[in-house]
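Quick look at structure_20.txt (compact mmCIF, C-alpha atoms):
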```txt
# COMPACT_ATOMS: atom_id res chain seq x y z
CA MET A 838 0.00 0.00 0.00
CA LYS A 839 2.79 2.44 0.70
CA TYR A 840 3.88 2.45 -2.97
CA GLU A 841 0.42 3.07 -4.41
CA PRO A 842 0.48 6.90 -4.17
CA LYS A 843 3.74 7.05 -6.13
CA ARG A 844 2.30 4.81 -8.85
CA PHE A 845 -0.77 7.02 -9.17
CA GLU A 846 1.34 10.19 -9.29
CA ARG A 847 3.60 8.70 -11.92
CA LYS A 848 0.64 7.79 -14.11
CA ILE A 849 -0.57 11.38 -14.13
CA THR A 850 2.80 12.96 -14.82
CA VAL A 851 3.93 10.41 -17.41
CA ASP A 852 0.73 10.64 -19.42
CA LYS A 853 -0.23 14.28 -19.40
CA LEU A 854 0.40 17.72 -18.01
CA PRO A 855 -0.97 18.62 -14.61
CA ASN A 856 -4.47 20.09 -14.83
CA SER A 857 -4.07 23.43 -16.57
CA THR A 858 -6.46 26.18 -17.52
CA LYS A 859 -6.68 27.46 -21.07
CA LYS A 860 -4.67 30.55 -20.08
CA GLU A 861 -1.88 28.42 -18.59
CA VAL A 862 -1.70 26.33 -21.76
CA ASN A 863 -1.51 29.51 -23.85
CA ILE A 864 1.34 30.78 -21.66
CA LEU A 865 3.18 27.48 -22.05
CA VAL A 866 2.76 27.41 -25.84
CA LEU A 867 3.92 31.02 -26.21
CA ALA A 868 6.90 30.40 -23.92
CA LEU A 869 8.14 27.38 -25.87
CA PHE A 870 7.52 29.13 -29.19
CA LEU A 871 9.54 32.20 -28.21
CA ALA A 872 12.29 30.09 -26.63
CA SER A 873 12.79 28.20 -29.90
CA LEU A 874 12.19 31.02 -32.37
CA ARG A 875 15.71 32.43 -32.62
CA GLY A 876 17.20 29.01 -33.30
CA SER A 877 14.76 28.17 -36.08
CA ILE A 878 14.96 28.47 -39.86
CA PHE A 879 12.23 31.11 -39.69
CA TRP A 880 14.34 33.74 -37.92
CA PRO A 881 17.29 35.87 -39.14
CA PHE A 882 20.49 34.68 -37.51
CA TYR A 883 21.58 38.23 -36.66
CA ALA A 884 18.33 40.14 -36.27
CA LYS A 885 18.77 43.88 -36.79
CA THR A 886 18.53 45.84 -33.55
CA SER A 887 19.17 49.38 -34.78
CA SER A 888 15.50 49.99 -35.64
CA LEU A 889 12.80 50.06 -32.98
CA PHE A 890 10.37 48.30 -35.33
CA SER A 891 12.69 45.48 -36.37
CA VAL A 892 11.77 41.83 -35.72
CA ALA A 893 14.25 41.76 -32.82
CA TRP A 894 12.27 44.28 -30.81
CA LEU A 895 8.98 42.69 -31.84
CA GLU A 896 10.36 39.54 -30.23
CA VAL A 897 11.19 41.46 -27.07
CA GLY A 898 7.65 42.84 -27.10
CA ALA A 899 6.27 39.30 -27.25
CA TRP A 900 8.46 38.32 -24.26
CA ILE A 901 7.15 41.34 -22.32
CA LEU A 902 3.58 40.33 -23.12
CA LEU A 903 4.34 36.80 -21.90
CA ALA A 904 5.82 38.16 -18.65
CA VAL A 905 2.68 40.27 -18.07
CA LEU A 906 0.47 37.21 -18.60
CA ILE A 907 2.57 35.21 -16.13
CA VAL A 908 2.42 37.93 -13.46
CA ARG A 909 -1.35 38.21 -13.86
CA MET A 910 -1.72 34.43 -13.59
CA LEU A 911 0.40 34.26 -10.44
CA ARG A 912 -1.47 37.14 -8.83
CA LYS A 913 -4.82 35.63 -9.75
CA ASP A 914 -3.81 32.38 -8.05
CA SER A 915 -2.36 34.27 -5.05
CA LYS A 916 1.06 32.74 -5.71
CA TRP A 917 3.03 35.84 -6.66
CA MET A 918 4.70 36.39 -3.29
CA ASP A 919 5.53 32.70 -2.95
CA PHE A 920 7.10 32.80 -6.44
CA VAL A 921 9.12 35.88 -5.49
CA ARG A 922 10.34 34.19 -2.29
CA GLN A 923 11.73 31.28 -4.29
CA TRP A 924 14.12 33.68 -6.02
CA ARG A 925 15.95 34.14 -2.70
CA GLY A 926 17.77 30.88 -3.33
CA GLU A 927 18.99 32.02 -6.74
CA LYS A 928 21.49 34.69 -5.72
CA ALA A 929 24.10 33.63 -8.29
CA LEU A 930 21.52 33.70 -11.07
CA LEU A 931 20.34 37.17 -10.04
CA ALA A 932 23.94 38.41 -9.90
CA PHE A 933 24.58 36.98 -13.38
CA LEU A 934 21.56 38.87 -14.71
CA VAL A 935 22.84 42.08 -13.12
CA VAL A 936 26.29 41.68 -14.71
CA ALA A 937 24.72 40.94 -18.10
CA PHE A 938 22.62 44.12 -17.81
CA LEU A 939 25.58 46.25 -16.71
CA SER A 940 27.61 44.96 -19.67
CA ILE A 941 25.40 47.15 -21.88
CA PHE A 942 27.43 50.12 -20.65
CA TRP A 943 30.76 48.73 -21.91
CA SER A 944 29.42 46.74 -24.85
CA ILE A 945 31.02 47.06 -28.30
CA SER A 946 27.46 46.93 -29.70
CA VAL A 947 25.00 48.58 -27.33
CA HIS A 948 21.88 47.75 -29.36
CA ALA A 949 22.84 44.07 -29.62
CA SER A 950 23.56 43.79 -25.87
CA LEU A 951 20.34 45.56 -24.95
CA TYR A 952 18.36 43.15 -27.15
CA ARG A 953 20.12 40.02 -25.93
CA THR A 954 19.98 41.09 -22.28
CA ALA A 955 16.24 41.67 -22.59
CA ILE A 956 15.83 38.13 -23.99
CA LEU A 957 18.02 36.81 -21.16
CA VAL A 958 15.96 38.51 -18.45
CA PHE A 959 12.52 37.59 -19.80
CA SER A 960 13.44 34.00 -20.72
CA THR A 961 14.91 33.58 -17.22
CA PHE A 962 11.71 34.89 -15.65
CA THR A 963 9.64 32.57 -17.85
CA GLY A 964 11.82 29.54 -17.08
CA ALA A 965 11.50 30.26 -13.36
CA TYR A 966 7.71 30.34 -13.72
CA LEU A 967 7.60 27.04 -15.62
CA GLY A 968 9.75 25.31 -12.99
CA TYR A 969 7.68 26.80 -10.19
CA ARG A 970 4.38 25.94 -11.89
CA TYR A 971 5.03 22.41 -13.15
CA GLY A 972 7.75 20.88 -10.99
CA VAL A 973 10.07 18.15 -12.26
CA ARG A 974 7.43 15.65 -13.36
CA GLY A 975 5.45 18.37 -15.11
CA LEU A 976 8.54 19.54 -17.00
CA VAL A 977 9.04 16.01 -18.32
CA SER A 978 5.53 16.14 -19.77
CA VAL A 979 6.15 19.64 -21.14
CA ILE A 980 9.25 18.45 -23.01
CA PHE A 981 7.40 15.37 -24.28
CA TRP A 982 4.75 17.46 -26.03
CA PHE A 983 7.31 20.02 -27.17
CA GLY A 984 9.48 17.20 -28.51
CA ALA A 985 6.59 15.56 -30.33
CA ILE A 986 5.90 18.84 -32.19
CA VAL A 987 9.59 19.39 -32.99
CA VAL A 988 9.97 15.86 -34.36
CA ILE A 989 6.85 16.07 -36.51
CA LEU A 990 7.69 19.52 -37.89
CA SER A 991 11.33 18.57 -38.58
CA PHE A 992 10.29 15.55 -40.63
CA ALA A 993 7.57 17.51 -42.42
CA PHE A 994 9.85 20.40 -43.43
CA ALA A 995 12.79 18.17 -44.41
CA LEU A 996 10.58 15.95 -46.59
CA LEU A 997 8.29 18.62 -48.06
CA LEU A 998 10.73 21.57 -48.23
CA PRO A 999 14.21 19.99 -48.50
CA GLN A 1000 15.64 23.17 -50.05
CA LEU A 1001 14.90 24.87 -46.73
CA SER A 1002 15.48 22.12 -44.15
CA VAL A 1003 18.30 20.06 -45.67
CA MET A 1004 21.81 21.57 -45.77
CA SER A 1005 23.80 21.22 -48.97
CA GLY A 1006 27.39 21.79 -50.05
CA TYR A 1007 30.64 21.36 -48.13
CA PRO A 1008 30.81 20.09 -45.40
CA TYR A 1009 27.14 19.19 -44.93
CA TYR A 1010 26.18 17.18 -48.03
CA GLY A 1011 22.50 16.60 -47.33
CA SER A 1012 22.52 16.79 -43.53
CA TRP A 1013 19.08 17.49 -42.08
CA ARG A 1014 18.51 20.55 -39.96
CA GLY A 1015 14.72 20.24 -39.66
CA ILE A 1016 13.21 23.39 -38.19
CA TYR A 1017 16.57 24.54 -36.78
CA TRP A 1018 19.20 26.80 -38.32
CA HIS A 1019 21.96 24.17 -38.26
CA ARG A 1020 22.37 20.39 -38.26
CA ASN A 1021 24.30 20.51 -34.98
CA HIS A 1022 21.35 22.26 -33.38
CA LEU A 1023 18.91 19.62 -34.62
CA GLY A 1024 21.30 16.84 -33.57
CA ALA A 1025 21.70 18.21 -30.04
CA ILE A 1026 18.01 18.89 -29.40
CA SER A 1027 17.00 15.54 -30.93
CA ALA A 1028 19.45 13.76 -28.62
CA LEU A 1029 17.88 15.48 -25.60
CA LEU A 1030 14.34 14.67 -26.73
CA ASN A 1031 15.39 11.09 -27.40
CA ALA A 1032 16.63 10.77 -23.81
CA VAL A 1033 13.34 12.16 -22.46
CA PHE A 1034 11.33 9.68 -24.55
CA LEU A 1035 13.58 6.90 -23.23
CA LEU A 1036 13.07 8.02 -19.62
CA ARG A 1037 9.30 7.95 -20.11
CA ILE A 1038 9.43 4.52 -21.76
CA LEU A 1039 11.42 3.01 -18.91
CA ALA A 1040 9.39 4.79 -16.22
CA GLY A 1041 5.94 4.18 -17.68
CA TYR A 1042 6.03 0.89 -19.57
CA ARG A 1043 3.68 -0.71 -17.03
CA GLU A 1044 1.21 2.14 -17.25
CA ARG A 1045 -1.29 3.07 -19.95
CA LEU A 1046 -0.38 1.38 -23.24
CA GLN A 1047 -1.20 4.23 -25.64
CA PHE A 1048 1.35 6.57 -24.04
CA PHE A 1049 3.99 3.86 -24.02
CA VAL A 1050 3.41 3.39 -27.75
CA LEU A 1051 3.60 7.16 -28.35
CA ASP A 1052 6.85 7.40 -26.42
CA LEU A 1053 8.27 4.47 -28.37
CA ILE A 1054 7.27 6.00 -31.72
CA PHE A 1055 8.83 9.36 -30.92
CA TYR A 1056 11.89 7.68 -29.43
CA VAL A 1057 12.53 5.95 -32.77
CA LEU A 1058 11.73 9.06 -34.82
CA SER A 1059 14.04 11.27 -32.73
CA LEU A 1060 16.79 8.66 -33.09
CA ILE A 1061 16.33 8.81 -36.86
CA LEU A 1062 16.59 12.61 -36.72
CA VAL A 1063 19.90 12.35 -34.86
CA TYR A 1064 21.20 10.07 -37.61
CA LEU A 1065 19.91 12.23 -40.49
CA ALA A 1066 21.42 15.38 -38.94
CA SER A 1067 24.85 13.76 -39.46
CA SER A 1068 26.11 15.63 -36.44
CA ALA A 1069 28.97 14.03 -34.52
CA ALA A 1070 27.92 16.06 -31.48
CA GLY A 1071 24.41 14.62 -31.79
CA TYR A 1072 25.79 11.08 -32.03
CA ILE A 1073 28.02 11.50 -28.98
CA LEU A 1074 25.24 13.17 -26.98
CA THR A 1075 22.87 10.32 -27.77
CA LEU A 1076 25.40 7.72 -26.59
CA VAL A 1077 26.27 9.69 -23.45
CA LEU A 1078 22.64 10.27 -22.46
CA HIS A 1079 21.76 6.62 -23.08
CA PHE A 1080 24.68 5.59 -20.90
CA VAL A 1081 23.51 7.95 -18.13
CA VAL A 1082 19.92 6.68 -18.28
CA ILE A 1083 21.04 3.03 -18.19
CA LEU A 1084 23.36 3.86 -15.28
CA LEU A 1085 20.46 5.44 -13.39
CA VAL A 1086 18.17 2.47 -14.03
CA THR A 1087 20.89 0.13 -12.77
CA TRP A 1088 21.53 2.27 -9.69
CA LEU A 1089 17.83 2.38 -8.79
CA LYS A 1090 17.75 -1.43 -8.84
CA ILE A 1091 20.93 -2.14 -6.91
CA SER A 1092 21.34 0.96 -4.67
CA PRO A 1093 19.85 -0.75 -1.56
CA HIS A 1094 22.72 -3.24 -1.71
CA LEU A 1095 25.57 -0.80 -2.37
CA LYS A 1096 28.14 0.11 0.26
CA THR A 1097 30.84 2.78 0.43
CA ILE A 1098 33.45 0.48 -1.11
CA HIS A 1099 31.24 -0.02 -4.15
CA TYR A 1100 30.96 3.74 -4.74
CA ILE A 1101 34.73 4.13 -4.35
CA SER A 1102 35.24 1.35 -6.91
CA MET A 1103 32.80 2.97 -9.34
CA LEU A 1104 34.58 6.31 -8.96
CA GLY A 1105 37.89 4.61 -9.73
CA ILE A 1106 36.42 2.97 -12.83
CA THR A 1107 34.99 6.31 -13.96
CA VAL A 1108 38.33 8.07 -13.57
CA ALA A 1109 40.11 5.25 -15.42
CA GLY A 1110 37.53 5.42 -18.20
CA ALA A 1111 37.95 9.19 -18.52
CA VAL A 1112 41.74 8.82 -18.73
CA PHE A 1113 41.34 6.15 -21.41
CA VAL A 1114 38.98 8.32 -23.47
CA LEU A 1115 41.22 11.40 -23.23
CA SER A 1116 44.24 9.30 -24.21
CA ASN A 1117 42.52 7.94 -27.30
CA LEU A 1118 40.60 10.92 -28.63
CA ASP A 1119 41.99 10.44 -32.13
CA VAL A 1120 40.60 6.91 -32.29
CA ILE A 1121 37.24 7.85 -30.76
CA PHE A 1122 36.70 10.84 -33.05
CA GLY A 1123 37.84 8.73 -35.96
CA LEU A 1124 34.85 6.46 -35.35
CA PHE A 1125 32.64 9.46 -36.17
CA ASN A 1126 34.85 10.57 -39.07
CA ARG A 1127 35.92 13.64 -37.11
CA GLN A 1128 39.26 15.14 -36.10
CA PRO A 1129 40.49 15.23 -32.46
CA ASN A 1130 40.78 19.04 -32.72
CA LEU A 1131 36.96 19.10 -33.02
CA THR A 1132 37.05 20.19 -36.67
CA GLY A 1133 39.23 23.20 -35.95
CA ARG A 1134 37.36 24.36 -32.85
CA ILE A 1135 40.22 23.83 -30.39
CA PRO A 1136 42.68 26.04 -32.36
CA MET A 1137 39.92 28.67 -32.64
CA TRP A 1138 39.29 28.59 -28.87
CA ASP A 1139 43.01 28.90 -28.23
CA TYR A 1140 43.13 31.96 -30.49
CA LEU A 1141 40.08 33.52 -28.81
CA LEU A 1142 41.56 33.02 -25.34
CA LYS A 1143 44.99 34.40 -26.21
CA ASN A 1144 44.11 37.18 -28.63
CA VAL A 1145 40.54 38.27 -27.90
CA ILE A 1146 39.42 37.38 -24.38
CA SER A 1147 42.81 38.43 -22.99
CA ARG A 1148 42.00 42.02 -24.05
CA SER A 1149 39.03 42.16 -21.66
CA PRO A 1150 39.28 39.08 -19.44
CA TRP A 1151 37.19 40.27 -16.49
CA ILE A 1152 34.14 41.92 -18.01
CA GLY A 1153 34.07 40.77 -21.64
CA PHE A 1154 32.76 42.74 -24.61
CA GLY A 1155 29.07 43.06 -23.77
CA PHE A 1156 26.43 40.37 -23.51
CA GLY A 1157 25.62 38.94 -26.94
CA ALA A 1158 27.57 41.64 -28.79
CA ILE A 1159 30.81 40.37 -30.29
CA TRP A 1160 29.40 37.87 -32.80
CA THR A 1161 27.13 40.54 -34.30
CA ILE A 1162 30.21 42.43 -35.59
CA PRO A 1163 30.74 41.30 -39.23
CA SER A 1164 34.41 42.37 -39.31
CA PHE A 1165 35.15 40.26 -36.23
CA ARG A 1166 33.58 37.15 -37.76
CA THR A 1167 35.33 37.67 -41.10
CA GLY A 1168 38.70 38.36 -39.51
CA LEU A 1169 38.45 35.27 -37.31
CA GLN A 1170 37.53 33.12 -40.30
CA GLN A 1171 40.54 34.36 -42.24
CA THR A 1172 42.86 33.91 -39.27
CA GLN A 1173 41.71 30.34 -38.68
CA GLY A 1174 41.51 29.44 -42.35
CA TRP A 1175 37.99 28.06 -42.10
CA PRO A 1176 36.34 27.39 -45.50
CA PHE A 1177 32.94 28.50 -44.15
CA PRO A 1178 31.79 31.44 -41.99
CA ILE A 1179 32.33 31.40 -38.22
CA LEU A 1180 29.10 32.55 -36.61
CA ILE A 1181 29.51 31.59 -32.92
CA GLY A 1182 32.22 30.32 -30.60
CA ASP A 1183 30.90 26.74 -30.74
CA ASN A 1184 31.34 26.45 -26.99
CA GLY A 1185 28.79 27.75 -24.51
CA PHE A 1186 31.35 28.53 -21.82
CA ILE A 1187 33.75 30.31 -24.19
CA ASP A 1188 30.91 32.48 -25.47
CA ILE A 1189 29.87 33.51 -21.96
CA LEU A 1190 33.51 34.40 -21.31
CA LEU A 1191 33.51 36.56 -24.45
CA HIS A 1192 30.32 38.31 -23.39
CA VAL A 1193 30.75 38.98 -19.67
CA GLY A 1194 34.29 37.85 -18.85
CA LEU A 1195 35.52 35.89 -15.86
CA ILE A 1196 33.15 37.70 -13.51
CA GLY A 1197 30.09 36.71 -15.49
CA LEU A 1198 31.35 33.19 -16.16
CA SER A 1199 32.05 32.64 -12.44
CA LEU A 1200 28.50 33.71 -11.54
CA PHE A 1201 27.06 31.51 -14.27
CA LEU A 1202 29.09 28.52 -13.06
CA ALA A 1203 27.90 29.14 -9.49
CA PHE A 1204 24.29 29.00 -10.69
CA TRP A 1205 25.01 25.98 -12.91
CA VAL A 1206 26.78 24.03 -10.14
CA ARG A 1207 23.89 24.77 -7.77
CA ALA A 1208 21.53 23.31 -10.39
CA TRP A 1209 23.70 20.16 -10.47
CA ILE A 1210 23.53 19.85 -6.67
CA LEU A 1211 19.75 20.33 -6.62
CA SER A 1212 19.37 17.74 -9.41
CA PHE A 1213 21.45 15.15 -7.56
CA LYS A 1214 19.55 15.73 -4.31
CA HIS A 1215 16.18 15.59 -6.00
CA GLY A 1216 16.85 12.32 -7.82
CA ILE A 1217 18.39 10.60 -4.81
CA GLN A 1218 15.59 11.70 -2.48
CA GLN A 1219 12.76 10.70 -4.81
CA ARG A 1220 14.41 7.51 -6.16
CA ASN A 1221 12.22 7.44 -9.23
CA LEU A 1222 13.58 7.45 -12.77
CA LEU A 1223 11.55 10.45 -13.93
CA ASP A 1224 12.86 12.47 -11.01
CA PHE A 1225 16.35 12.07 -12.43
CA PHE A 1226 15.37 14.08 -15.50
CA PRO A 1227 17.06 17.24 -14.11
CA LEU A 1228 20.32 15.34 -13.77
CA VAL A 1229 20.04 13.96 -17.31
CA PHE A 1230 19.35 17.49 -18.55
CA LEU A 1231 22.38 18.88 -16.70
CA VAL A 1232 24.57 16.20 -18.32
CA PHE A 1233 23.14 17.36 -21.65
CA THR A 1234 24.05 20.99 -20.94
CA LEU A 1235 27.62 19.96 -20.18
CA PHE A 1236 28.30 17.85 -23.27
CA ALA A 1237 26.15 19.86 -25.69
CA ASN A 1238 28.00 23.08 -24.89
CA ILE A 1239 31.47 21.63 -25.40
CA SER A 1240 31.29 21.82 -29.21
CA PHE A 1241 28.23 24.06 -29.68
CA SER A 1242 26.75 27.14 -28.01
CA LEU A 1243 23.39 26.52 -26.39
CA PHE A 1244 23.47 29.00 -23.51
CA LEU A 1245 21.37 31.75 -25.15
CA GLU A 1246 23.77 32.15 -28.08
CA THR A 1247 21.48 31.04 -30.90
CA GLU A 1248 18.27 30.21 -29.01
CA SER A 1249 16.65 30.43 -25.59
CA PHE A 1250 15.14 26.96 -25.06
CA VAL A 1251 18.08 25.30 -23.31
CA TRP A 1252 18.63 28.33 -21.04
CA LEU A 1253 14.92 28.55 -20.23
CA MET A 1254 14.83 24.85 -19.34
CA LEU A 1255 18.00 25.14 -17.25
CA VAL A 1256 16.36 27.82 -15.13
CA ALA A 1257 13.12 25.82 -15.04
CA VAL A 1258 14.95 22.70 -13.81
CA SER A 1259 16.62 24.64 -11.01
CA PHE A 1260 13.33 26.17 -9.84
CA ALA A 1261 11.47 22.87 -10.22
CA CYS A 1262 13.95 21.00 -8.01
CA ALA A 1263 13.84 23.76 -5.40
CA ARG A 1264 10.02 23.81 -5.50
CA ASP A 1265 9.69 20.05 -5.15
CA GLU A 1266 12.22 20.04 -2.29
CA ARG A 1267 10.20 22.68 -0.46
CA GLY A 1268 7.04 20.68 -1.06
CA SER A 1269 8.58 17.57 0.47
CA ASN A 1270 9.71 19.37 3.63
```
Show me the file's structure as structure tokens.
Amino acid sequence: MKYEPKRFERKITVDKLPNSTKKEVNILVLALFLASLRGSIFWPFYAKTSSLFSVAWLEVGAWILLAVLIVRMLRKDSKWMDFVRQWRGEKALLAFLVVAFLSIFWSISVHASLYRTAILVFSTFTGAYLGYRYGVRGLVSVIFWFGAIVVILSFAFALLLPQLSVMSGYPYYGSWRGIYWHRNHLGAISALLNAVFLLRILAGYRERLQFFVLDLIFYVLSLILVYLASSAAGYILTLVLHFVVILLVTWLKISPHLKTIHYISMLGITVAGAVFVLSNLDVIFGLFNRQPNLTGRIPMWDYLLKNVISRSPWIGFGFGAIWTIPSFRTGLQQTQGWPFPILIGDNGFIDILLHVGLIGLSLFLAFWVRAWILSFKHGIQQRNLLDFFPLVFLVFTLFANISFSLFLETESFVWLMLVAVSFACARDERGSN
């Protein structure tokens, strides 16, 4: 009898979103749409910010409207003050937002920093609301429905409009990008969605059959998308996230029998495995037909650190500003000898360092590490596979941002979900106390 409540709760959260009003659903849809818009094929990569009536500021206007709707919803439900109180635990996040805002005053492109900082602030506020509103289990359901739409639209556009959704020419040669601006973006997001579908399959296979079948269908389709994107990062992410999920399933089964010596042994095996991988990067990357220098990324990062970041190491060049300067992108491409344009730093941590320097990066890492701690605590306390979703997502943010920039560089979805995960874990922990 003592396990029955957990089974009932799991059935609700695996199958559908918590009971939501029409207004809450509208808020959710608008939030996910805006969070994904900048990274899609429908949006200019560098939206003009010099004109007040450009699409960039229309986007900011939509974010402001969303924030107003959220505030009204929270006040209507008498939850506004409780929501505000939860921000007290996010001091590093608040400090990071302050530094990003102040960077407008030393930015090399004031308009670009003002635009990107506005997106940062409003997407952070929205992510905090989603985490506070839905909790961890609810976020899993949110990503399921979001992922189902992304998968369907990516297949539809690639098959019906291949000239738009399939990349051609060197070095892509028919790689799918679906609804996203780049194959690496599609590969990374598809790998994350694939892991969520897998979590739901393993957590809910004894529950209602139709949702198990849906999860299985979208699991296979997202796996196909990873393959068709031809993204080495997507391949590696898929393998890593599968390994993590399998590890979690195994731990849940055997954890009652584990002792300290077993954890020490596992740590030793992990360290030995990491040393082996780092010692054989050429062989491992060769399996994916890639170079150990990450297709020229490592030399580029070395150049950025020594010749660009070193000029303003503490405060950076303004949040979201430097990659909007055409002469900077062109000069870097010529310096590195890349045969195609360099648009971003292809590393989430390097790009934050470029934007807000060591001060901003330190504050971001403090927030990010806190999210890791909350995710570990939440999963271990709940001891249910779905409750380890935050940890799986944090692993994704680590590996995805090694060779691509997904911390608000080209889109807002990953950042929004990172904030949501942090607030969801904190909310669920408060609820259990």
Can you find the residues with an atom no farther than 12 Å from (6.5, 28.3, -9.7), counting all atoms listed in the file, and report them as a PDB file with C-alpha atoms, in the frame of the given file?
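Produced file point-v7.pdb, reproduced below:
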```pdb
ATOM      1  CA  ILE A 907       2.570  35.210 -16.130  1.00  0.00           C
ATOM      2  CA  VAL A 908       2.420  37.930 -13.460  1.00  0.00           C
ATOM      3  CA  MET A 910      -1.720  34.430 -13.590  1.00  0.00           C
ATOM      4  CA  LEU A 911       0.400  34.260 -10.440  1.00  0.00           C
ATOM      5  CA  ARG A 912      -1.470  37.140  -8.830  1.00  0.00           C
ATOM      6  CA  ASP A 914      -3.810  32.380  -8.050  1.00  0.00           C
ATOM      7  CA  SER A 915      -2.360  34.270  -5.050  1.00  0.00           C
ATOM      8  CA  LYS A 916       1.060  32.740  -5.710  1.00  0.00           C
ATOM      9  CA  TRP A 917       3.030  35.840  -6.660  1.00  0.00           C
ATOM     10  CA  MET A 918       4.700  36.390  -3.290  1.00  0.00           C
ATOM     11  CA  ASP A 919       5.530  32.700  -2.950  1.00  0.00           C
ATOM     12  CA  PHE A 920       7.100  32.800  -6.440  1.00  0.00           C
ATOM     13  CA  VAL A 921       9.120  35.880  -5.490  1.00  0.00           C
ATOM     14  CA  ARG A 922      10.340  34.190  -2.290  1.00  0.00           C
ATOM     15  CA  GLN A 923      11.730  31.280  -4.290  1.00  0.00           C
ATOM     16  CA  TRP A 924      14.120  33.680  -6.020  1.00  0.00           C
ATOM     17  CA  PHE A 962      11.710  34.890 -15.650  1.00  0.00           C
ATOM     18  CA  THR A 963       9.640  32.570 -17.850  1.00  0.00           C
ATOM     19  CA  GLY A 964      11.820  29.540 -17.080  1.00  0.00           C
ATOM     20  CA  ALA A 965      11.500  30.260 -13.360  1.00  0.00           C
ATOM     21  CA  TYR A 966       7.710  30.340 -13.720  1.00  0.00           C
ATOM     22  CA  LEU A 967       7.600  27.040 -15.620  1.00  0.00           C
ATOM     23  CA  GLY A 968       9.750  25.310 -12.990  1.00  0.00           C
ATOM     24  CA  TYR A 969       7.680  26.800 -10.190  1.00  0.00           C
ATOM     25  CA  ARG A 970       4.380  25.940 -11.890  1.00  0.00           C
ATOM     26  CA  TYR A 971       5.030  22.410 -13.150  1.00  0.00           C
ATOM     27  CA  GLY A 972       7.750  20.880 -10.990  1.00  0.00           C
ATOM     28  CA  VAL A 973      10.070  18.150 -12.260  1.00  0.00           C
ATOM     29  CA  GLY A 975       5.450  18.370 -15.110  1.00  0.00           C
ATOM     30  CA  LEU A 976       8.540  19.540 -17.000  1.00  0.00           C
ATOM     31  CA  VAL A1256      16.360  27.820 -15.130  1.00  0.00           C
ATOM     32  CA  ALA A1257      13.120  25.820 -15.040  1.00  0.00           C
ATOM     33  CA  VAL A1258      14.950  22.700 -13.810  1.00  0.00           C
ATOM     34  CA  SER A1259      16.620  24.640 -11.010  1.00  0.00           C
ATOM     35  CA  PHE A1260      13.330  26.170  -9.840  1.00  0.00           C
ATOM     36  CA  ALA A1261      11.470  22.870 -10.220  1.00  0.00           C
ATOM     37  CA  CYS A1262      13.950  21.000  -8.010  1.00  0.00           C
ATOM     38  CA  ALA A1263      13.840  23.760  -5.400  1.00  0.00           C
ATOM     39  CA  ARG A1264      10.020  23.810  -5.500  1.00  0.00           C
ATOM     40  CA  ASP A1265       9.690  20.050  -5.150  1.00  0.00           C
ATOM     41  CA  ARG A1267      10.200  22.680  -0.460  1.00  0.00           C
ATOM     42  CA  GLY A1268       7.040  20.680  -1.060  1.00  0.00           C
TER      43      GLY A1268
END
```
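Minimum atom-to-atom distance to A:Val987, evaluated using all atoms listed in the file, belongs to A:Leu869 out of A:Leu869, A:Ile1135, A:Leu902, A:Ala1040.
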Sorted by chain and rising residue number, which residues of stretch 936-1036 of chain A lie within 12 Å of stretch 1225-1239 of chain A, and what are their closest atom pairs and distances in Å to one decimal, counting all atoms listed in the file, as a Markdown table?
```
| residue | atom | partner | partner_atom | distance |
| --- | --- | --- | --- | --- |
| A:Gly968 | CA | A:Pro1227 | CA | 10.9 |
| A:Gly972 | CA | A:Pro1227 | CA | 10.5 |
| A:Val973 | CA | A:Pro1227 | CA | 7.3 |
| A:Arg974 | CA | A:Phe1226 | CA | 8.4 |
| A:Gly975 | CA | A:Phe1226 | CA | 10.8 |
| A:Leu976 | CA | A:Phe1226 | CA | 8.9 |
| A:Val977 | CA | A:Phe1226 | CA | 7.2 |
| A:Ser978 | CA | A:Phe1226 | CA | 10.9 |
| A:Ile980 | CA | A:Phe1226 | CA | 10.6 |
| A:Phe981 | CA | A:Phe1226 | CA | 11.9 |
| A:Asn1021 | CA | A:Ala1237 | CA | 9.5 |
| A:His1022 | CA | A:Ala1237 | CA | 9.4 |
| A:Leu1023 | CA | A:Ala1237 | CA | 11.5 |
| A:Gly1024 | CA | A:Ala1237 | CA | 9.7 |
| A:Ala1025 | CA | A:Ala1237 | CA | 6.4 |
| A:Ile1026 | CA | A:Ala1237 | CA | 9.0 |
| A:Ser1027 | CA | A:Phe1233 | CA | 11.3 |
| A:Ala1028 | CA | A:Phe1233 | CA | 8.7 |
| A:Leu1029 | CA | A:Phe1233 | CA | 6.8 |
| A:Leu1030 | CA | A:Phe1230 | CA | 10.0 |
| A:Asn1031 | CA | A:Val1229 | CA | 11.5 |
| A:Ala1032 | CA | A:Val1229 | CA | 8.0 |
| A:Val1033 | CA | A:Phe1226 | CA | 7.5 |
| A:Phe1034 | CA | A:Phe1226 | CA | 10.8 |
| A:Leu1035 | CA | A:Phe1226 | CA | 10.7 |
| A:Leu1036 | CA | A:Phe1226 | CA | 7.7 |
```
Review point. With all atoms listed in the file as the basis for distance, which of A:Thr1087, A:Ser991, A:Thr1161, A:Gln1219 is at the shortest distance from A:Leu1065?
Key: A:Ser991
Point to revise | For A:Ile1016: contacts at 10 Å, all atoms listed in the file, fewer than 4 positions along chain excluded, given as a PyMOL selection string | key: chain A and resi 873-874+876-879+987-995+1001-1003+1020+1022-1023
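Separating atom CA of A:Phe882 from atom CA of A:Thr1247 is a distance of 7.6 Å.
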Check your understanding: Which of these residues is nearest to A:Val947, using all atoms listed in the file: A:Ile1162, A:Leu1180, A:Val1057, A:Leu1085?
Key -> A:Ile1162
